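Shown here: data23.cif, mmCIF, C-alpha atoms and all ligand atoms.
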data_model
loop_
_atom_site.group_PDB
_atom_site.id
_atom_site.type_symbol
_atom_site.label_atom_id
_atom_site.label_comp_id
_atom_site.auth_asym_id
_atom_site.auth_seq_id
_atom_site.Cartn_x
_atom_site.Cartn_y
_atom_site.Cartn_z
ATOM 1 C CA MET A 27 10.822 110.152 -11.158
ATOM 2 C CA LYS A 28 7.812 111.693 -12.919
ATOM 3 C CA ASN A 29 5.801 114.875 -12.470
ATOM 4 C CA VAL A 30 2.484 114.205 -10.805
ATOM 5 C CA ALA A 31 -0.678 116.278 -11.066
ATOM 6 C CA LEU A 32 -2.097 116.925 -7.621
ATOM 7 C CA LYS A 33 -5.092 118.780 -6.274
ATOM 8 C CA VAL A 34 -4.786 121.980 -4.252
ATOM 9 C CA ILE A 35 -6.668 121.663 -0.977
ATOM 10 C CA GLU A 36 -6.126 125.109 0.500
ATOM 11 C CA ASN A 37 -3.954 128.150 -0.172
ATOM 12 C CA ASN A 38 -4.013 130.982 2.341
ATOM 13 C CA GLN A 39 -1.955 134.023 3.133
ATOM 14 C CA ILE A 40 -1.000 133.475 6.753
ATOM 15 C CA TYR A 41 1.264 136.466 7.437
ATOM 16 C CA LYS A 42 2.840 139.336 5.522
ATOM 17 C CA ASN A 43 3.626 137.986 2.007
ATOM 18 C CA THR A 44 3.778 134.369 3.173
ATOM 19 C CA PHE A 45 1.303 131.718 2.057
ATOM 20 C CA LEU A 46 0.551 128.201 3.256
ATOM 21 C CA LEU A 47 -0.374 125.854 0.403
ATOM 22 C CA LYS A 48 -1.860 122.452 1.168
ATOM 23 C CA ILE A 49 -1.720 119.827 -1.601
ATOM 24 C CA GLU A 50 -3.154 116.324 -1.683
ATOM 25 C CA LEU A 51 -0.648 113.662 -0.642
ATOM 26 C CA ASN A 52 0.283 111.065 -3.244
ATOM 27 C CA ASN A 53 2.231 107.829 -2.799
ATOM 28 C CA SER A 54 5.616 109.223 -3.779
ATOM 29 C CA LEU A 55 5.454 111.976 -1.168
ATOM 30 C CA THR A 56 4.268 109.731 1.662
ATOM 31 C CA ASN A 57 7.837 108.823 2.596
ATOM 32 C CA ALA A 58 9.288 112.330 2.305
ATOM 33 C CA GLN A 59 11.542 113.488 5.149
ATOM 34 C CA PRO A 60 12.192 116.958 6.643
ATOM 35 C CA GLY A 61 14.701 118.863 4.530
ATOM 36 C CA GLN A 62 13.553 117.392 1.228
ATOM 37 C CA PHE A 63 11.941 119.599 -1.384
ATOM 38 C CA ILE A 64 9.714 119.482 -4.438
ATOM 39 C CA MET A 65 9.831 121.219 -7.801
ATOM 40 C CA ILE A 66 6.452 122.848 -8.198
ATOM 41 C CA TYR A 67 5.206 123.951 -11.613
ATOM 42 C CA THR A 68 3.259 127.116 -11.028
ATOM 43 C CA SER A 69 1.362 127.106 -14.300
ATOM 44 C CA LEU A 70 -0.085 124.382 -16.517
ATOM 45 C CA ASN A 71 0.648 126.324 -19.734
ATOM 46 C CA PHE A 72 4.463 126.234 -19.220
ATOM 47 C CA GLU A 73 4.785 129.968 -18.546
ATOM 48 C CA PRO A 74 6.981 130.060 -16.567
ATOM 49 C CA LEU A 75 8.473 126.856 -17.948
ATOM 50 C CA LEU A 76 10.708 125.967 -15.048
ATOM 51 C CA GLY A 77 9.580 124.589 -11.749
ATOM 52 C CA ARG A 78 10.237 126.407 -8.495
ATOM 53 C CA PRO A 79 12.005 124.536 -5.677
ATOM 54 C CA MET A 80 10.080 124.567 -2.395
ATOM 55 C CA SER A 81 10.831 122.782 0.855
ATOM 56 C CA ILE A 82 8.208 120.421 2.139
ATOM 57 C CA HIS A 83 6.864 122.283 5.148
ATOM 58 C CA ARG A 84 4.837 119.499 6.760
ATOM 59 C CA VAL A 85 3.218 116.184 5.805
ATOM 60 C CA ASN A 86 -0.106 115.291 7.387
ATOM 61 C CA HIS A 87 -0.618 111.548 6.851
ATOM 62 C CA ASP A 88 -3.987 111.458 8.671
ATOM 63 C CA LYS A 89 -5.566 114.202 6.579
ATOM 64 C CA LYS A 90 -3.623 113.106 3.474
ATOM 65 C CA TYR A 91 -2.021 116.387 2.496
ATOM 66 C CA PHE A 92 1.406 118.003 2.524
ATOM 67 C CA SER A 93 2.084 121.693 2.706
ATOM 68 C CA ILE A 94 4.563 124.271 1.553
ATOM 69 C CA LEU A 95 5.148 127.655 3.151
ATOM 70 C CA TYR A 96 6.263 130.257 0.629
ATOM 71 C CA ASN A 97 7.019 133.910 0.186
ATOM 72 C CA VAL A 98 5.651 135.680 -2.857
ATOM 73 C CA VAL A 99 8.776 137.170 -4.455
ATOM 74 C CA GLY A 100 8.341 136.951 -8.245
ATOM 75 C CA LYS A 101 6.348 135.590 -11.163
ATOM 76 C CA GLY A 102 6.148 131.922 -10.144
ATOM 77 C CA THR A 103 5.205 132.476 -6.525
ATOM 78 C CA LYS A 104 2.671 135.162 -7.552
ATOM 79 C CA LEU A 105 0.982 132.581 -9.823
ATOM 80 C CA LEU A 106 1.100 130.079 -6.984
ATOM 81 C CA SER A 107 -0.616 132.520 -4.647
ATOM 82 C CA ASN A 108 -3.629 132.610 -7.034
ATOM 83 C CA LYS A 109 -4.279 128.853 -6.787
ATOM 84 C CA ILE A 110 -7.510 127.860 -5.116
ATOM 85 C CA ASN A 111 -9.089 124.722 -3.731
ATOM 86 C CA GLY A 112 -9.556 122.151 -6.537
ATOM 87 C CA ASP A 113 -6.910 123.579 -8.899
ATOM 88 C CA ILE A 114 -4.424 121.064 -10.280
ATOM 89 C CA ILE A 115 -0.731 121.603 -9.826
ATOM 90 C CA ASN A 116 2.271 119.634 -11.178
ATOM 91 C CA VAL A 117 4.832 118.516 -8.654
ATOM 92 C CA LEU A 118 8.112 116.574 -8.847
ATOM 93 C CA GLY A 119 9.524 115.053 -5.695
ATOM 94 C CA PRO A 120 10.498 114.421 -3.019
ATOM 95 C CA LEU A 121 13.980 115.599 -3.995
ATOM 96 C CA GLY A 122 17.274 116.109 -2.189
ATOM 97 C CA ASN A 123 18.466 114.758 1.125
ATOM 98 C CA ALA A 124 16.811 114.765 4.527
ATOM 99 C CA ILE A 125 18.317 116.900 7.319
ATOM 100 C CA PRO A 126 20.921 114.531 8.785
ATOM 101 C CA PHE A 127 21.078 113.842 12.517
ATOM 102 C CA LYS A 128 22.423 111.183 14.834
ATOM 103 C CA LYS A 129 19.845 109.053 16.637
ATOM 104 C CA GLU A 130 21.827 109.260 19.887
ATOM 105 C CA SER A 131 21.876 113.093 19.976
ATOM 106 C CA MET A 132 19.413 114.593 22.468
ATOM 107 C CA ASN A 133 19.721 118.395 22.309
ATOM 108 C CA PHE A 134 18.967 120.140 19.031
ATOM 109 C CA LEU A 135 19.302 123.802 18.166
ATOM 110 C CA LEU A 136 17.322 124.836 15.077
ATOM 111 C CA ILE A 137 18.074 128.263 13.623
ATOM 112 C CA ALA A 138 15.573 129.781 11.195
ATOM 113 C CA GLY A 139 16.121 132.994 9.262
ATOM 114 C CA GLY A 140 13.010 134.394 7.535
ATOM 115 C CA ILE A 141 11.263 131.865 5.279
ATOM 116 C CA GLY A 142 14.019 129.405 6.264
ATOM 117 C CA ILE A 143 11.630 128.360 8.996
ATOM 118 C CA ALA A 144 9.608 126.379 6.390
ATOM 119 C CA PRO A 145 11.429 122.994 6.630
ATOM 120 C CA LEU A 146 12.534 123.368 10.263
ATOM 121 C CA ILE A 147 8.999 123.279 11.702
ATOM 122 C CA TRP A 148 8.484 119.722 10.468
ATOM 123 C CA PHE A 149 11.977 118.707 11.538
ATOM 124 C CA ALA A 150 11.093 120.006 15.036
ATOM 125 C CA ASP A 151 7.839 117.964 14.974
ATOM 126 C CA LYS A 152 9.817 114.810 14.223
ATOM 127 C CA LEU A 153 12.474 115.468 16.848
ATOM 128 C CA ILE A 154 9.856 116.120 19.538
ATOM 129 C CA ALA A 155 8.050 112.910 18.530
ATOM 130 C CA SER A 156 11.381 111.109 19.147
ATOM 131 C CA ASN A 157 11.657 112.676 22.653
ATOM 132 C CA LYS A 158 14.481 115.057 21.760
ATOM 133 C CA ASN A 159 14.949 118.499 23.323
ATOM 134 C CA VAL A 160 14.516 121.245 20.766
ATOM 135 C CA VAL A 161 15.304 124.953 20.937
ATOM 136 C CA MET A 162 14.346 127.015 17.908
ATOM 137 C CA LEU A 163 15.878 130.432 17.295
ATOM 138 C CA ILE A 164 13.674 132.408 14.935
ATOM 139 C CA GLY A 165 15.027 135.478 13.187
ATOM 140 C CA ALA A 166 12.762 137.848 11.241
ATOM 141 C CA GLN A 167 12.634 141.473 10.083
ATOM 142 C CA ASN A 168 9.797 142.458 12.417
ATOM 143 C CA LYS A 169 6.784 141.056 14.294
ATOM 144 C CA ASP A 170 4.677 140.897 11.119
ATOM 145 C CA SER A 171 7.123 138.537 9.430
ATOM 146 C CA VAL A 172 7.230 135.935 12.204
ATOM 147 C CA PHE A 173 5.624 132.540 11.552
ATOM 148 C CA PRO A 174 2.603 132.039 13.900
ATOM 149 C CA LEU A 175 4.238 130.670 17.035
ATOM 150 C CA ASN A 176 1.104 128.757 18.100
ATOM 151 C CA GLU A 177 1.563 126.556 15.015
ATOM 152 C CA ILE A 178 4.848 125.217 16.401
ATOM 153 C CA ASP A 179 4.839 122.155 18.682
ATOM 154 C CA GLN A 180 4.427 123.451 22.257
ATOM 155 C CA GLN A 181 7.367 121.398 23.471
ATOM 156 C CA VAL A 182 9.752 123.378 21.307
ATOM 157 C CA GLU A 183 11.476 126.152 23.270
ATOM 158 C CA ILE A 184 11.326 129.256 21.097
ATOM 159 C CA GLU A 185 13.435 132.407 21.066
ATOM 160 C CA VAL A 186 12.538 135.162 18.614
ATOM 161 C CA MET A 187 14.911 137.861 17.373
ATOM 162 C CA THR A 188 13.696 140.700 15.161
ATOM 163 C CA ASP A 189 15.770 143.305 13.336
ATOM 164 C CA ASP A 190 13.731 146.152 14.899
ATOM 165 C CA GLY A 191 12.968 144.541 18.272
ATOM 166 C CA SER A 192 9.179 144.599 17.629
ATOM 167 C CA LEU A 193 8.968 140.965 18.845
ATOM 168 C CA GLY A 194 11.420 139.088 21.072
ATOM 169 C CA SER A 195 14.904 140.560 21.359
ATOM 170 C CA LYS A 196 16.388 143.052 18.942
ATOM 171 C CA GLY A 197 19.289 141.808 16.829
ATOM 172 C CA LEU A 198 20.478 138.962 14.671
ATOM 173 C CA VAL A 199 19.394 135.422 15.390
ATOM 174 C CA THR A 200 22.995 134.191 15.386
ATOM 175 C CA GLU A 201 23.747 136.297 18.492
ATOM 176 C CA LYS A 202 21.901 133.706 20.594
ATOM 177 C CA ILE A 203 23.924 130.697 19.452
ATOM 178 C CA LYS A 204 26.703 131.123 22.005
ATOM 179 C CA HIS A 205 24.210 130.671 24.898
ATOM 180 C CA TYR A 206 23.527 127.101 23.731
ATOM 181 C CA MET A 207 27.009 125.882 22.867
ATOM 182 C CA GLU A 208 27.477 123.963 26.134
ATOM 183 C CA TRP A 209 24.070 122.313 25.824
ATOM 184 C CA VAL A 210 23.672 121.500 22.143
ATOM 185 C CA ASP A 211 24.500 118.188 20.412
ATOM 186 C CA GLU A 212 23.514 119.155 16.846
ATOM 187 C CA ILE A 213 22.573 122.321 14.985
ATOM 188 C CA SER A 214 20.381 122.735 11.883
ATOM 189 C CA LEU A 215 20.014 126.000 10.023
ATOM 190 C CA CYS A 216 17.907 127.337 7.183
ATOM 191 C CA GLY A 217 17.892 130.916 5.988
ATOM 192 C CA PRO A 218 20.119 133.384 4.166
ATOM 193 C CA GLU A 219 23.736 132.441 3.462
ATOM 194 C CA GLY A 220 25.031 135.360 5.523
ATOM 195 C CA MET A 221 23.407 133.697 8.531
ATOM 196 C CA PHE A 222 25.270 130.439 7.753
ATOM 197 C CA GLN A 223 28.620 132.213 7.510
ATOM 198 C CA SER A 224 28.073 134.060 10.736
ATOM 199 C CA ALA A 225 26.905 130.858 12.493
ATOM 200 C CA ASN A 226 29.959 129.017 11.187
ATOM 201 C CA ARG A 227 32.249 131.634 12.707
ATOM 202 C CA ILE A 228 30.536 131.191 16.093
ATOM 203 C CA ILE A 229 30.278 127.391 15.962
ATOM 204 C CA GLY A 230 33.749 127.134 14.409
ATOM 205 C CA THR A 231 35.374 127.223 17.825
ATOM 206 C CA SER A 232 33.819 123.838 18.679
ATOM 207 C CA LYS A 233 34.075 121.845 15.478
ATOM 208 C CA GLN A 234 32.849 118.695 17.174
ATOM 209 C CA ILE A 235 29.244 119.971 17.088
ATOM 210 C CA PRO A 236 27.728 118.950 13.739
ATOM 211 C CA ALA A 237 25.909 121.839 12.072
ATOM 212 C CA TYR A 238 23.905 121.265 8.908
ATOM 213 C CA ALA A 239 22.521 124.080 6.766
ATOM 214 C CA LEU A 240 19.986 123.899 3.939
ATOM 215 C CA PHE A 241 21.478 125.732 0.977
ATOM 216 C CA GLU A 242 19.503 127.406 -1.810
ATOM 217 C CA LYS A 243 20.181 128.412 -5.359
ATOM 218 C CA GLU A 244 17.886 129.004 -8.290
ATOM 219 C CA MET A 245 17.179 125.608 -9.836
ATOM 220 C CA ALA A 246 16.246 124.728 -13.411
ATOM 221 C CA CYS A 247 15.810 120.953 -13.172
ATOM 222 C CA GLY A 248 16.029 119.841 -9.516
ATOM 223 C CA ILE A 249 17.383 116.415 -10.533
ATOM 224 C CA GLY A 250 21.074 116.826 -11.317
ATOM 225 C CA ILE A 251 20.896 117.486 -15.077
ATOM 226 C CA CYS A 252 21.485 121.218 -15.609
ATOM 227 C CA TYR A 253 24.383 121.726 -13.136
ATOM 228 C CA GLY A 254 22.958 125.175 -12.382
ATOM 229 C CA CYS A 255 22.736 124.650 -8.648
ATOM 230 C CA ALA A 256 26.371 123.831 -7.883
ATOM 231 C CA ILE A 257 28.051 125.386 -4.840
ATOM 232 C CA LYS A 258 31.741 125.086 -4.157
ATOM 233 C CA ASP A 259 32.911 123.459 -0.966
ATOM 234 C CA LYS A 260 35.954 124.612 1.005
ATOM 235 C CA ASP A 261 38.258 122.678 -1.358
ATOM 236 C CA GLY A 262 36.725 124.330 -4.435
ATOM 237 C CA LYS A 263 34.891 121.160 -5.440
ATOM 238 C CA PRO A 264 31.385 121.730 -6.897
ATOM 239 C CA ASN A 265 28.406 120.085 -5.166
ATOM 240 C CA LEU A 266 24.923 120.012 -6.641
ATOM 241 C CA ILE A 267 22.434 121.314 -4.104
ATOM 242 C CA CYS A 268 19.537 119.434 -5.717
ATOM 243 C CA THR A 269 21.055 115.943 -5.497
ATOM 244 C CA LYS A 270 23.826 116.116 -2.833
ATOM 245 C CA GLY A 271 21.931 118.680 -0.698
ATOM 246 C CA PRO A 272 20.144 120.827 0.142
ATOM 247 C CA SER A 273 21.639 119.962 3.571
ATOM 248 C CA PHE A 274 25.418 120.223 3.839
ATOM 249 C CA GLU A 275 27.592 120.320 6.908
ATOM 250 C CA LEU A 276 28.764 123.913 7.410
ATOM 251 C CA LYS A 277 32.398 122.915 7.804
ATOM 252 C CA LYS A 278 32.291 121.047 4.465
ATOM 253 C CA ILE A 279 31.330 124.286 2.713
ATOM 254 C CA TYR A 280 33.153 126.940 4.736
ATOM 255 C CA GLY A 281 35.871 124.960 6.496
HETATM 256 C C1 LIG B 301 15.898 123.629 -2.097
HETATM 257 C C2 LIG B 301 15.110 124.937 -2.045
HETATM 258 C C3 LIG B 301 14.040 125.041 -1.181
HETATM 259 C C4 LIG B 301 13.308 126.240 -1.118
HETATM 260 N N1 LIG B 301 12.264 126.328 -0.255
HETATM 261 C C5 LIG B 301 11.521 127.446 -0.200
HETATM 262 C C6 LIG B 301 10.407 127.525 0.687
HETATM 263 O O1 LIG B 301 10.098 126.570 1.431
HETATM 264 N N2 LIG B 301 9.692 128.665 0.696
HETATM 265 C C7 LIG B 301 10.022 129.734 -0.109
HETATM 266 O O2 LIG B 301 9.336 130.760 -0.053
HETATM 267 N N3 LIG B 301 11.074 129.690 -0.952
HETATM 268 C C8 LIG B 301 11.817 128.570 -1.021
HETATM 269 N N4 LIG B 301 12.883 128.509 -1.908
HETATM 270 C C9 LIG B 301 13.149 129.669 -2.777
HETATM 271 C C10 LIG B 301 12.138 129.637 -3.936
HETATM 272 O O3 LIG B 301 12.452 128.558 -4.786
HETATM 273 C C11 LIG B 301 12.199 130.949 -4.734
HETATM 274 O O4 LIG B 301 11.768 132.015 -3.923
HETATM 275 C C12 LIG B 301 11.269 130.851 -5.946
HETATM 276 O O5 LIG B 301 11.816 129.955 -6.890
HETATM 277 C C13 LIG B 301 11.071 132.223 -6.583
HETATM 278 O O6 LIG B 301 10.270 132.026 -7.731
HETATM 279 P P1 LIG B 301 9.525 133.263 -8.419
HETATM 280 O O7 LIG B 301 9.163 132.845 -9.789
HETATM 281 O O8 LIG B 301 8.433 133.788 -7.558
HETATM 282 O O9 LIG B 301 10.620 134.363 -8.422
HETATM 283 P P2 LIG B 301 11.618 134.759 -9.615
HETATM 284 O O10 LIG B 301 10.857 135.715 -10.503
HETATM 285 O O11 LIG B 301 12.225 133.570 -10.218
HETATM 286 O O12 LIG B 301 12.643 135.544 -8.743
HETATM 287 C C14 LIG B 301 12.235 136.605 -7.855
HETATM 288 C C15 LIG B 301 13.319 136.840 -6.834
HETATM 289 O O13 LIG B 301 13.537 135.646 -6.034
HETATM 290 C C16 LIG B 301 14.913 135.277 -6.086
HETATM 291 N N5 LIG B 301 15.027 133.822 -6.107
HETATM 292 C C17 LIG B 301 14.639 132.981 -7.091
HETATM 293 N N6 LIG B 301 14.946 131.707 -6.775
HETATM 294 C C18 LIG B 301 15.561 131.748 -5.569
HETATM 295 C C19 LIG B 301 16.130 130.781 -4.715
HETATM 296 N N7 LIG B 301 16.171 129.491 -5.042
HETATM 297 N N8 LIG B 301 16.646 131.188 -3.551
HETATM 298 C C20 LIG B 301 16.638 132.477 -3.219
HETATM 299 N N9 LIG B 301 16.106 133.451 -3.963
HETATM 300 C C21 LIG B 301 15.593 133.092 -5.140
HETATM 301 C C22 LIG B 301 15.421 135.869 -7.385
HETATM 302 O O14 LIG B 301 16.819 136.049 -7.329
HETATM 303 C C23 LIG B 301 14.665 137.162 -7.471
HETATM 304 O O15 LIG B 301 15.264 138.170 -6.679
HETATM 305 C C24 LIG B 301 13.654 127.346 -1.960
HETATM 306 C C25 LIG B 301 14.741 127.222 -2.833
HETATM 307 C C26 LIG B 301 15.473 126.037 -2.872
HETATM 308 C C27 LIG B 301 16.620 125.911 -3.800
HETATM 309 S S1 LIG B 302 18.965 122.176 -10.425
HETATM 310 FE FE1 LIG B 302 19.711 121.244 -12.218
HETATM 311 S S2 LIG B 302 21.473 120.188 -11.505
HETATM 312 FE FE2 LIG B 302 20.598 120.965 -9.677
#
Rewrite the coordinates I just gave you, this time as structure tokens.
Ligand SMILES: Cc1cc2nc3c(=O)[nH]c(=O)nc-3n(C[C@H](O)[C@H](O)[C@H](O)COP(=O)(O)OP(=O)(O)OC[C@H]3O[C@@H](n4cnc5c(N)ncnc54)[C@H](O)[C@@H]3O)c2cc1C
Ligand code: FES
Amino acid sequence: MKNVALKVIENNQIYKNTFLLKIELNNSLTNAQPGQFIMIYTSLNFEPLLGRPMSIHRVNHDKKYFSILYNVVGKGTKLLSNKINGDIINVLGPLGNAIPFKKESMNFLLIAGGIGIAPLIWFADKLIASNKNVVMLIGAQNKDSVFPLNEIDQQVEIEVMTDDGSLGSKGLVTEKIKHYMEWVDEISLCGPEGMFQSANRIIGTSKQIPAYALFEKEMACGIGICYGCAIKDKDGKPNLICTKGPSFELKKIYG
């Protein structure tokens, strides 16, 4: 797989320190699936040298663009936030696995912590298009850090939890999981690892419900060469997030 140079179509701050970047769609990204990611090179002069992994947020085949939703946290994402319409950006992908799910499952619980909502929005789009029932639990610090709810498919049932109670209920997003355990067939999560561990403790009582989480680690190559992105599973065996993940079943990692 090769880096491709693609044109920026739009790059806007949409809430707090979160930007939505739209990039022209090329052939290799046309078949990308929710959960997959790209390595995006934030500068053409190799400073910083390494790409930054970003989930594919949505693909719009009609308008021929794909988007990423990103938080500005450091050097690379700051550079990214300065890109404007017409700038050229280098991209490698799609990489990693798609969020797994069984075709026969009907009821899906998606759990998003912070910027972890980025890949789950598109996954929800696809599930709704396949006539599935989708509940999305959204956890955020406060009302200003919640993804615009009107941008989510209207058929998705949404519950928001904020740390300070300024939108939705006050508390941690994982507190809501138990209300859906009777109903749900499959669970998908993206967010901080603490959220995964807490969810695993709650879901752990009914191991028959598959729960897949998208894991993150800083990545140097994104293609299985540097071994920098390994996480250990419950048996102590290393798994590369970039090639075997980013989606792993929770019980594979935590038992
Ligand atoms: C598969 C995958 C998908 C991702 N998808 C998204 C996404 O859709 N939107 C988004 O905003 N971010 C996403 N990330 C995280 C994103 O890659 C980092 O925020 C980004 O690389 C930071 O680059 P920087 O140069 O701005 O920050 P740096 O200067 O490199 O670091 C600034 C801060 O960010 C932390 N950081 C760096 N890389 C990561 C990482 N991989 N995970 C968590 N914290 C990190 C550093 O520890 C440091 O505290 C994803 C990461 C992975 C592995
Ligand atoms: S990022 Fe290099 S092996 Fe995964």
Of the listed residues A:Pro264, A:Gly140, A:Gly102, A:Pro120, that which approaches ligand LIG 301 (chain B) most closely, counting only C-alpha atoms and all ligand atoms
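Of the candidates, the smallest distance to ligand LIG 301 (chain B) is held by A:Gly102.
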Separation of atom CA of A:Gly122 from atom CA of A:Lys48 in Å:
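Going from atom CA of A:Lys48 over to atom CA of A:Gly122 covers 20.4 Å.
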Given 4 Å of margin on each side, can you work out the centre and size in Å (one decimal) of an axis-aligned box holding every listed atom of ligand LIG 302 (chain B), as lines of an AutoDock Vina configuration file?
center_x = 20.2
center_y = 121.2
center_z = -10.9
size_x = 10.5
size_y = 10.0
size_z = 10.5
Apply the PyMOL selection byres (((chain A and resi 143) around 12) and not hetatm) to the displayed file and report the matching residues as a PyMOL selection string.
chain A and resi 44+60-61+81-84+94-97+136-142+144-150+162-166+171-175+177-178+186+214-218+239-240
Might you pull out every residue within 6 Å of A:Leu276, with all atoms listed in the file counted and same-chain residues fewer than 4 positions away left off, and present them as JSON, numbers by chain?
{"A": [237, 238, 280]}
Here's the selection I'm unsure about, the PyMOL selection byres (((chain A and resi 103) around 12) and not hetatm); applied to the file above, which residues does it give, as a VMD selection string?
chain A and resid 37 43 to 47 66 to 69 74 77 to 80 94 to 102 104 to 109
Only C-alpha atoms, please: the residues just picked out, written as a short mmCIF file (atom, residue, chain, number, x, y, z; two decimals), keeping the file's coordinate frame.
data_model
loop_
_atom_site.label_atom_id
_atom_site.label_comp_id
_atom_site.auth_asym_id
_atom_site.auth_seq_id
_atom_site.Cartn_x
_atom_site.Cartn_y
_atom_site.Cartn_z
CA ASN A 37 -3.95 128.15 -0.17
CA ASN A 43 3.63 137.99 2.01
CA THR A 44 3.78 134.37 3.17
CA PHE A 45 1.30 131.72 2.06
CA LEU A 46 0.55 128.20 3.26
CA LEU A 47 -0.37 125.85 0.40
CA ILE A 66 6.45 122.85 -8.20
CA TYR A 67 5.21 123.95 -11.61
CA THR A 68 3.26 127.12 -11.03
CA SER A 69 1.36 127.11 -14.30
CA PRO A 74 6.98 130.06 -16.57
CA GLY A 77 9.58 124.59 -11.75
CA ARG A 78 10.24 126.41 -8.49
CA PRO A 79 12.00 124.54 -5.68
CA MET A 80 10.08 124.57 -2.40
CA ILE A 94 4.56 124.27 1.55
CA LEU A 95 5.15 127.66 3.15
CA TYR A 96 6.26 130.26 0.63
CA ASN A 97 7.02 133.91 0.19
CA VAL A 98 5.65 135.68 -2.86
CA VAL A 99 8.78 137.17 -4.46
CA GLY A 100 8.34 136.95 -8.24
CA LYS A 101 6.35 135.59 -11.16
CA GLY A 102 6.15 131.92 -10.14
CA LYS A 104 2.67 135.16 -7.55
CA LEU A 105 0.98 132.58 -9.82
CA LEU A 106 1.10 130.08 -6.98
CA SER A 107 -0.62 132.52 -4.65
CA ASN A 108 -3.63 132.61 -7.03
CA LYS A 109 -4.28 128.85 -6.79
#
Correct to one decimal, the distance atom CA of A:Leu118-atom CA of A:Asp151 is 23.9 Å
Using all atoms listed in the file, tabulate the residues of chain A lying at most 8 Å from any atom of ligand LIG 302 (chain B), each with its closest atom pair and that distance in Å to one decimal, by chain and increasing residue number, as CSV.
residue,atom,partner,partner_atom,distance
A:Glu244,CA,B:LIG302,S1,7.2
A:Met245,CA,B:LIG302,S1,3.9
A:Ala246,CA,B:LIG302,S1,4.8
A:Cys247,CA,B:LIG302,FE1,4.0
A:Gly248,CA,B:LIG302,S1,3.9
A:Ile249,CA,B:LIG302,FE1,5.6
A:Gly250,CA,B:LIG302,S2,3.4
A:Ile251,CA,B:LIG302,S2,4.5
A:Cys252,CA,B:LIG302,FE1,3.8
A:Tyr253,CA,B:LIG302,S2,3.7
A:Gly254,CA,B:LIG302,FE1,5.1
A:Cys255,CA,B:LIG302,FE2,4.4
A:Ala256,CA,B:LIG302,FE2,6.7
A:Leu266,CA,B:LIG302,FE2,5.4
A:Ile267,CA,B:LIG302,FE2,5.9
A:Cys268,CA,B:LIG302,FE2,4.4
A:Thr269,CA,B:LIG302,FE2,6.5
Could you list, as a list in words, every residue matched by the PyMOL selection byres (((chain A and resi 203) around 10) and not hetatm) in this structure?
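This file, filtered by the PyMOL selection byres (((chain A and resi 203) around 10) and not hetatm), leaves Leu135, Leu136, Ile137, Leu163, Val199, Thr200, Glu201, Lys202, Lys204, His205, Tyr206, Met207, Val210, Ile213, Ala225, Ile228 and Ile229 of chain A.
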By how many Å are atom CA of A:Ala124 and atom C12 of ligand LIG 301 (chain B) apart?
20.0 Å
Neighbouring residues of A:Asn168 were defined as those with any atom within 8 Å, considering all atoms listed in the file; residues of the same chain fewer than 5 positions away were excluded. Please report them as a short mmCIF file (atom, residue, chain, number, x, y, z; two decimals) with C-alpha atoms, in the coordinates of the input.
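Now in selection-v2.cif:
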data_model
loop_
_atom_site.label_atom_id
_atom_site.label_comp_id
_atom_site.auth_asym_id
_atom_site.auth_seq_id
_atom_site.Cartn_x
_atom_site.Cartn_y
_atom_site.Cartn_z
CA THR A 188 13.70 140.70 15.16
CA ASP A 189 15.77 143.30 13.34
CA ASP A 190 13.73 146.15 14.90
CA GLY A 191 12.97 144.54 18.27
CA SER A 192 9.18 144.60 17.63
CA LEU A 193 8.97 140.96 18.84
#
Residue neighbourhood A:Leu153, 10 Å, only C-alpha atoms, exclusion window fewer than 2 positions, as a count of residues only
17
Pick the closest to ligand LIG 301 (chain B) from A:Gln223, A:Gln39, A:Asn265, A:Gln62: which is it, counting all atoms listed in the file?
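When distances to ligand LIG 301 (chain B) are compared using all atoms listed in the file, the smallest one comes from A:Gln62.
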Residue with smallest distance to ligand LIG 301 (chain B) - pool A:Ile154, A:Ile184, A:Met65, A:Leu70, counting all atoms listed in the file:
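Comparing A:Ile154, A:Ile184, A:Met65, A:Leu70 against ligand LIG 301 (chain B), the winner is A:Met65.
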Check the smallest atom-to-atom distance from each of A:Ile110, A:Leu198, A:Met221, A:Ile64 to ligand LIG 301 (chain B) using all atoms listed in the file, then report the winner.
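Closest residue, counting all atoms listed in the file: A:Ile64.
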Which residue out of A:Gly119, A:Pro126, A:Gly281, A:Gly197 has the minimum interatomic distance to ligand LIG 301 (chain B) when all atoms listed in the file are used?
A:Gly119
Can you work out which one of A:Lys260, A:Lys277, A:Glu219, A:Lys270 has the shortest atom-to-atom distance to A:Pro236, counting all atoms listed in the file?
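Checking each candidate against A:Pro236, we get A:Lys277 as the closest.
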